[in-house]
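S.K.: My questions will all concern the structure given below.
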Amino acid sequence: MLPNSKLKNMFKLGCKVTIYVPATININEEIDNSAYVDRAATLLSECFGGATSTKALGYWVSPIAGLTKEKTTMVFAYCTSEQLDEYSDKVVSFCIDLCKELSQDAIALEINGEMYFIDAE
């Protein structure tokens, strides 16, 4: 913990929102996801003032394709609880649209360390 004298020039963003942007379409067909990553980063930046992305490799079991390994990009932003309340519906709507566009079973959305799977229905 920093001394209180150091905290006067800081502000805290106590919430974290992460959208997992798949690099597949139709469950397991690899695509270039950079345009979708840019859209997610734009949304989070507009809502929360900035965003960061990092690549990852995810695994899951599809009822159709079995064990599926896919490249994904995690796009995340930190924000206040007030910003999260204000923009959470917008972020969820984006995930629903992304799920439809990429023909996914679901899009993973992590909020404050808790994982949600957003489907298109």
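By convention in this document, the chains of the structure tokens carry letters A, B, ... by their order, each chain's residues are numbered from 1, and ligands are numbered from 1 in the order they are shown.
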Please identify the strand (DSSP E or B) residues within stretch 14-107 of chain A (assignment by DSSP from backbone atoms) and present them as a VMD selection string.

M.R.: chain A and resid 15 to 22 24 to 25 29 to 30 52 to 62 66 to 79 107

S.K.: Store the residues picked out above, limited to N, CA and C atoms, as a tab-separated table (two decimals), in the first residue's frame.

M.R.:
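Generated file (again14.tsv):
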```
chain	number	residue	atom	x	y	z
A	15	CYS	N	-12.81	-1.86	-11.39
A	15	CYS	CA	-13.50	-2.89	-12.15
A	15	CYS	C	-12.72	-3.20	-13.43
A	16	LYS	N	-12.86	-4.43	-13.90
A	16	LYS	CA	-12.20	-4.84	-15.14
A	16	LYS	C	-13.20	-5.60	-16.00
A	17	VAL	N	-13.26	-5.22	-17.28
A	17	VAL	CA	-14.14	-5.84	-18.26
A	17	VAL	C	-13.27	-6.42	-19.37
A	18	THR	N	-13.45	-7.70	-19.69
A	18	THR	CA	-12.67	-8.35	-20.74
A	18	THR	C	-13.60	-9.05	-21.72
A	19	ILE	N	-13.45	-8.72	-23.00
A	19	ILE	CA	-14.17	-9.41	-24.07
A	19	ILE	C	-13.17	-10.36	-24.74
A	20	TYR	N	-13.54	-11.62	-24.85
A	20	TYR	CA	-12.70	-12.62	-25.52
A	20	TYR	C	-13.16	-12.69	-26.98
A	21	VAL	N	-12.31	-12.20	-27.88
A	21	VAL	CA	-12.66	-12.14	-29.30
A	21	VAL	C	-12.06	-13.36	-29.99
A	22	PRO	N	-12.91	-14.27	-30.47
A	22	PRO	CA	-12.39	-15.48	-31.10
A	22	PRO	C	-11.75	-15.18	-32.46
A	24	THR	N	-12.04	-17.49	-34.83
A	24	THR	CA	-12.69	-18.52	-35.64
A	24	THR	C	-14.09	-18.05	-36.02
A	25	ILE	N	-14.60	-18.66	-37.05
A	25	ILE	CA	-15.99	-18.49	-37.44
A	25	ILE	C	-16.57	-19.89	-37.62
A	29	GLU	N	-13.37	-22.63	-37.87
A	29	GLU	CA	-12.71	-22.17	-39.09
A	29	GLU	C	-11.92	-20.91	-38.75
A	30	GLU	N	-10.60	-20.98	-38.87
A	30	GLU	CA	-9.73	-19.88	-38.46
A	30	GLU	C	-9.92	-18.65	-39.36
A	52	THR	N	-6.82	-2.47	-23.69
A	52	THR	CA	-5.59	-3.20	-23.95
A	52	THR	C	-5.99	-4.56	-24.52
A	53	SER	N	-5.16	-5.10	-25.41
A	53	SER	CA	-5.44	-6.45	-25.91
A	53	SER	C	-4.23	-7.33	-25.74
A	54	THR	N	-4.50	-8.61	-25.58
A	54	THR	CA	-3.45	-9.61	-25.48
A	54	THR	C	-3.95	-10.90	-26.12
A	55	LYS	N	-3.07	-11.59	-26.82
A	55	LYS	CA	-3.45	-12.84	-27.48
A	55	LYS	C	-3.39	-14.00	-26.49
A	56	ALA	N	-4.23	-14.99	-26.74
A	56	ALA	CA	-4.27	-16.18	-25.90
A	56	ALA	C	-4.68	-17.38	-26.75
A	57	LEU	N	-4.52	-18.56	-26.20
A	57	LEU	CA	-4.95	-19.78	-26.85
A	57	LEU	C	-5.97	-20.43	-25.93
A	58	GLY	N	-7.18	-20.60	-26.42
A	58	GLY	CA	-8.25	-21.14	-25.60
A	58	GLY	C	-8.67	-22.53	-26.06
A	59	TYR	N	-9.17	-23.30	-25.12
A	59	TYR	CA	-9.67	-24.64	-25.40
A	59	TYR	C	-11.08	-24.76	-24.84
A	60	TRP	N	-11.92	-25.46	-25.55
A	60	TRP	CA	-13.26	-25.74	-25.06
A	60	TRP	C	-13.82	-26.91	-25.85
A	61	VAL	N	-14.88	-27.51	-25.36
A	61	VAL	CA	-15.49	-28.65	-26.02
A	61	VAL	C	-16.80	-28.19	-26.66
A	62	SER	N	-16.84	-28.28	-27.97
A	62	SER	CA	-18.05	-27.96	-28.73
A	62	SER	C	-18.89	-29.22	-28.86
A	66	GLY	N	-16.35	-31.20	-30.92
A	66	GLY	CA	-15.49	-31.80	-29.91
A	66	GLY	C	-14.48	-30.80	-29.37
A	67	LEU	N	-13.31	-31.30	-28.92
A	67	LEU	CA	-12.29	-30.41	-28.37
A	67	LEU	C	-11.85	-29.42	-29.44
A	68	THR	N	-12.00	-28.16	-29.12
A	68	THR	CA	-11.67	-27.10	-30.06
A	68	THR	C	-10.61	-26.21	-29.44
A	69	LYS	N	-9.54	-26.01	-30.19
A	69	LYS	CA	-8.46	-25.12	-29.78
A	69	LYS	C	-8.55	-23.91	-30.70
A	70	GLU	N	-8.55	-22.73	-30.09
A	70	GLU	CA	-8.64	-21.55	-30.95
A	70	GLU	C	-7.82	-20.40	-30.39
A	71	LYS	N	-7.29	-19.66	-31.32
A	71	LYS	CA	-6.63	-18.43	-30.96
A	71	LYS	C	-7.71	-17.44	-30.58
A	72	THR	N	-7.45	-16.65	-29.59
A	72	THR	CA	-8.39	-15.63	-29.17
A	72	THR	C	-7.60	-14.40	-28.76
A	73	THR	N	-8.28	-13.29	-28.73
A	73	THR	CA	-7.66	-12.06	-28.25
A	73	THR	C	-8.53	-11.52	-27.13
A	74	MET	N	-7.90	-11.30	-25.99
A	74	MET	CA	-8.62	-10.72	-24.86
A	74	MET	C	-8.46	-9.21	-24.93
A	75	VAL	N	-9.57	-8.51	-25.02
A	75	VAL	CA	-9.57	-7.05	-25.05
A	75	VAL	C	-10.19	-6.60	-23.73
A	76	PHE	N	-9.42	-5.82	-22.95
A	76	PHE	CA	-9.91	-5.48	-21.63
A	76	PHE	C	-9.72	-4.01	-21.32
A	77	ALA	N	-10.51	-3.58	-20.35
A	77	ALA	CA	-10.44	-2.19	-19.88
A	77	ALA	C	-10.75	-2.18	-18.40
A	78	TYR	N	-10.17	-1.23	-17.72
A	78	TYR	CA	-10.48	-0.97	-16.32
A	78	TYR	C	-11.42	0.23	-16.25
A	79	CYS	N	-12.28	0.23	-15.25
A	79	CYS	CA	-13.26	1.30	-15.14
A	79	CYS	C	-13.75	1.42	-13.70
A	107	ILE	N	-19.91	-16.03	-26.71
A	107	ILE	CA	-18.75	-15.15	-26.56
A	107	ILE	C	-18.49	-15.02	-25.06
```

S.K.: Contacts of A:Phe117 at 9 Å or less, counting only C-alpha atoms, minus same-chain residues fewer than 4 places along, as a list in words?

M.R.: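 Once the nearby chain positions are removed, what remains is Asp105, Ala106, Ile107, Ala108, Leu109 and Glu110 of chain A.
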
S.K.: Neighbours of stretch 85-92 of chain A within 8 Å (only C-alpha atoms; same-chain residues fewer than 5 positions away dropped), as a VMD selection string?

M.R.: chain A and resid 43 to 44 47 118

S.K.: Hey, what does DSSP flag as alpha helix (DSSP H) within chain A? Can you give it to me as a PyMOL selection string?

M.R.: chain A and resi 4-7+34-48+81-101

S.K.: List the spatial neighbours of A:Asn33 as a PyMOL selection string - criterion: any atom at most 7 Å away, only C-alpha atoms, same-chain residues fewer than 2 positions off excluded.

M.R.: chain A and resi 22-23+31+35-37

S.K.: What gap, in Å, lies between atom CA of A:Cys95 and atom CA of A:Glu121?

M.R.: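 For atom CA of A:Cys95 relative to atom CA of A:Glu121, the distance reads 11.4 Å.
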
S.K.: Quote the spacing between atom CA of A:Gln104 and atom CA of A:Asp119 in Å to one decimal place.

M.R.: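 It comes out at 7.8 Å.
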